[in-house]
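Listing of input.txt, compact mmCIF, N, CA and C atoms
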# COMPACT_ATOMS: atom_id res chain seq x y z
N MET A 1 -25.83 34.71 102.16
CA MET A 1 -26.87 34.70 101.15
C MET A 1 -26.56 33.62 100.12
N LEU A 2 -27.59 33.17 99.47
CA LEU A 2 -27.44 32.11 98.51
C LEU A 2 -27.92 32.59 97.15
N GLY A 3 -27.10 32.40 96.15
CA GLY A 3 -27.49 32.71 94.79
C GLY A 3 -27.47 31.42 93.99
N LEU A 4 -28.54 31.11 93.34
CA LEU A 4 -28.63 29.86 92.57
C LEU A 4 -28.65 30.13 91.08
N SER A 5 -27.82 29.38 90.36
CA SER A 5 -27.79 29.44 88.90
C SER A 5 -26.87 28.33 88.41
N ASP A 6 -27.05 27.92 87.17
CA ASP A 6 -26.12 26.97 86.56
C ASP A 6 -24.80 27.65 86.20
N ASP A 7 -24.82 28.97 86.11
CA ASP A 7 -23.65 29.76 85.76
C ASP A 7 -23.03 30.31 87.04
N TYR A 8 -21.76 30.02 87.29
CA TYR A 8 -21.09 30.46 88.53
C TYR A 8 -21.14 31.98 88.69
N ALA A 9 -20.83 32.71 87.64
CA ALA A 9 -20.80 34.17 87.73
C ALA A 9 -22.16 34.74 88.11
N LEU A 10 -23.22 34.22 87.52
CA LEU A 10 -24.56 34.69 87.82
C LEU A 10 -24.96 34.33 89.25
N ALA A 11 -24.61 33.14 89.70
CA ALA A 11 -24.91 32.73 91.08
C ALA A 11 -24.19 33.65 92.06
N TYR A 12 -22.94 33.97 91.78
CA TYR A 12 -22.18 34.87 92.65
C TYR A 12 -22.83 36.26 92.66
N TYR A 13 -23.18 36.75 91.49
CA TYR A 13 -23.83 38.06 91.39
C TYR A 13 -25.12 38.09 92.23
N LYS A 14 -25.92 37.06 92.08
CA LYS A 14 -27.19 37.00 92.82
C LYS A 14 -26.96 37.00 94.32
N SER A 15 -25.95 36.26 94.77
CA SER A 15 -25.68 36.19 96.21
C SER A 15 -25.23 37.55 96.74
N GLN A 16 -24.39 38.24 95.98
CA GLN A 16 -23.90 39.55 96.41
C GLN A 16 -25.00 40.61 96.37
N GLU A 17 -25.83 40.55 95.36
CA GLU A 17 -26.94 41.49 95.26
C GLU A 17 -27.92 41.29 96.43
N ALA A 18 -28.20 40.04 96.76
CA ALA A 18 -29.10 39.74 97.87
C ALA A 18 -28.53 40.21 99.20
N ALA A 19 -27.20 40.19 99.31
CA ALA A 19 -26.54 40.62 100.54
C ALA A 19 -26.38 42.14 100.60
N GLY A 20 -26.72 42.82 99.51
CA GLY A 20 -26.59 44.28 99.47
C GLY A 20 -25.17 44.76 99.24
N SER A 21 -24.32 43.89 98.69
CA SER A 21 -22.92 44.26 98.43
C SER A 21 -22.81 45.05 97.14
N PHE A 22 -21.85 45.96 97.11
CA PHE A 22 -21.57 46.74 95.91
C PHE A 22 -20.70 45.91 94.98
N LEU A 23 -21.11 45.76 93.73
CA LEU A 23 -20.33 45.07 92.71
C LEU A 23 -19.96 46.06 91.62
N PRO A 24 -18.67 46.35 91.45
CA PRO A 24 -18.25 47.30 90.42
C PRO A 24 -18.48 46.74 89.02
N ASN A 25 -18.71 47.63 88.06
CA ASN A 25 -18.89 47.23 86.67
C ASN A 25 -17.57 47.13 85.93
N GLU A 26 -16.53 47.76 86.47
CA GLU A 26 -15.21 47.73 85.83
C GLU A 26 -14.14 47.97 86.87
N GLY A 27 -12.91 47.61 86.52
CA GLY A 27 -11.78 47.89 87.38
C GLY A 27 -11.57 46.91 88.52
N ALA A 28 -12.22 45.75 88.48
CA ALA A 28 -12.06 44.77 89.56
C ALA A 28 -11.98 43.36 88.98
N VAL A 29 -11.25 42.51 89.70
CA VAL A 29 -11.10 41.12 89.29
C VAL A 29 -11.32 40.24 90.52
N LEU A 30 -12.08 39.17 90.35
CA LEU A 30 -12.26 38.18 91.41
C LEU A 30 -11.40 36.98 91.07
N ILE A 31 -10.49 36.63 91.97
CA ILE A 31 -9.67 35.43 91.80
C ILE A 31 -10.05 34.48 92.92
N SER A 32 -10.55 33.32 92.56
CA SER A 32 -10.99 32.32 93.53
C SER A 32 -10.07 31.11 93.45
N LEU A 33 -9.57 30.68 94.61
CA LEU A 33 -8.62 29.56 94.65
C LEU A 33 -9.18 28.41 95.47
N SER A 34 -8.83 27.21 95.08
CA SER A 34 -9.20 26.02 95.83
C SER A 34 -8.21 25.83 96.97
N ASP A 35 -8.67 25.28 98.08
CA ASP A 35 -7.78 24.97 99.19
C ASP A 35 -6.93 23.73 98.92
N LYS A 36 -7.25 22.99 97.88
CA LYS A 36 -6.54 21.75 97.59
C LYS A 36 -5.09 21.98 97.19
N VAL A 37 -4.84 23.05 96.47
CA VAL A 37 -3.49 23.35 95.99
C VAL A 37 -3.17 24.79 96.35
N ASN A 38 -2.01 25.00 96.93
CA ASN A 38 -1.61 26.36 97.31
C ASN A 38 -1.00 27.07 96.10
N LEU A 39 -1.80 27.89 95.46
CA LEU A 39 -1.34 28.65 94.30
C LEU A 39 -1.40 30.14 94.57
N SER A 40 -1.33 30.53 95.82
CA SER A 40 -1.50 31.94 96.17
C SER A 40 -0.44 32.83 95.52
N GLU A 41 0.80 32.37 95.47
CA GLU A 41 1.86 33.20 94.86
C GLU A 41 1.59 33.42 93.37
N GLN A 42 1.18 32.37 92.67
CA GLN A 42 0.87 32.51 91.25
C GLN A 42 -0.34 33.41 91.05
N ALA A 43 -1.33 33.29 91.91
CA ALA A 43 -2.53 34.12 91.80
C ALA A 43 -2.20 35.59 92.02
N ILE A 44 -1.32 35.86 92.96
CA ILE A 44 -0.90 37.24 93.22
C ILE A 44 -0.22 37.82 92.00
N GLU A 45 0.67 37.06 91.36
CA GLU A 45 1.35 37.55 90.18
C GLU A 45 0.38 37.80 89.03
N ILE A 46 -0.55 36.89 88.82
CA ILE A 46 -1.55 37.08 87.77
C ILE A 46 -2.40 38.31 88.07
N GLY A 47 -2.81 38.46 89.33
CA GLY A 47 -3.60 39.61 89.74
C GLY A 47 -2.88 40.93 89.50
N LYS A 48 -1.60 40.96 89.75
CA LYS A 48 -0.81 42.18 89.51
C LYS A 48 -0.78 42.53 88.03
N GLU A 49 -0.73 41.51 87.17
CA GLU A 49 -0.70 41.76 85.73
C GLU A 49 -2.04 42.29 85.23
N LEU A 50 -3.13 41.89 85.89
CA LEU A 50 -4.44 42.34 85.44
C LEU A 50 -4.69 43.75 85.91
Spit out the file's structure as structure tokens when you get a sec.
Amino acid sequence: MLGLSDDYALAYYKSQEAAGSFLPNEGAVLISLSDKVNLSEQAIEIGKEL
């Protein structure tokens, strides 16, 4: 599905809503990483702190 907006968060929300996905209002964090740099270990640590 495609969600269009100038705001990344709103575009993501629109795409998930159109796909019928459940989006929680609290208790969840989305961490998105670029393939250009491998920062998975740092992202995991940050995610654990959140």
Could you tell me, as an MDAnalysis selection string, which residues of chain A DSSP assigns to helix (DSSP H, G or I) when given the backbone?
-> chainID A and resid 8:18 40:49
Can you pull out every residue within 8 Å of range 22-37 of chain A, counting all atoms listed in the file, but drop anything in the same chain fewer than 5 positions away, and send it as a ChimeraX atom specification?
-> /A:13,16-17,43,47,50
Output N, CA and C atoms for every residue in that selection, as a CSV table (one decimal), keeping the file's coordinate frame.
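Listed below is the output, selection_29.csv:
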chain,number,residue,atom,x,y,z
A,13,TYR,N,-23.2,36.8,91.5
A,13,TYR,CA,-23.8,38.1,91.4
A,13,TYR,C,-25.1,38.1,92.2
A,16,GLN,N,-24.4,38.2,96.0
A,16,GLN,CA,-23.9,39.6,96.4
A,16,GLN,C,-25.0,40.6,96.4
A,17,GLU,N,-25.8,40.6,95.4
A,17,GLU,CA,-26.9,41.5,95.3
A,17,GLU,C,-27.9,41.3,96.4
A,43,ALA,N,-1.3,33.3,91.9
A,43,ALA,CA,-2.5,34.1,91.8
A,43,ALA,C,-2.2,35.6,92.0
A,47,GLY,N,-2.8,38.5,89.3
A,47,GLY,CA,-3.6,39.6,89.7
A,47,GLY,C,-2.9,40.9,89.5
A,50,LEU,N,-3.1,41.9,85.9
A,50,LEU,CA,-4.4,42.3,85.4
A,50,LEU,C,-4.7,43.8,85.9
Interatomic distance (Å, one decimal) between atom C of Leu4 in chain A and atom N of Gly20 in chain A = 15.4 Å
Which distance in Å separates CA of Glu45 in chain A and CA of Ser15 in chain A, to one decimal?
-> 27.7 Å
Spatial sel., origin (-23.8, 35.9, 98.5), limit 6.5 Å, only N, CA and C atoms, listed as number ranges by chain = A: 1-3, 12, 14-19
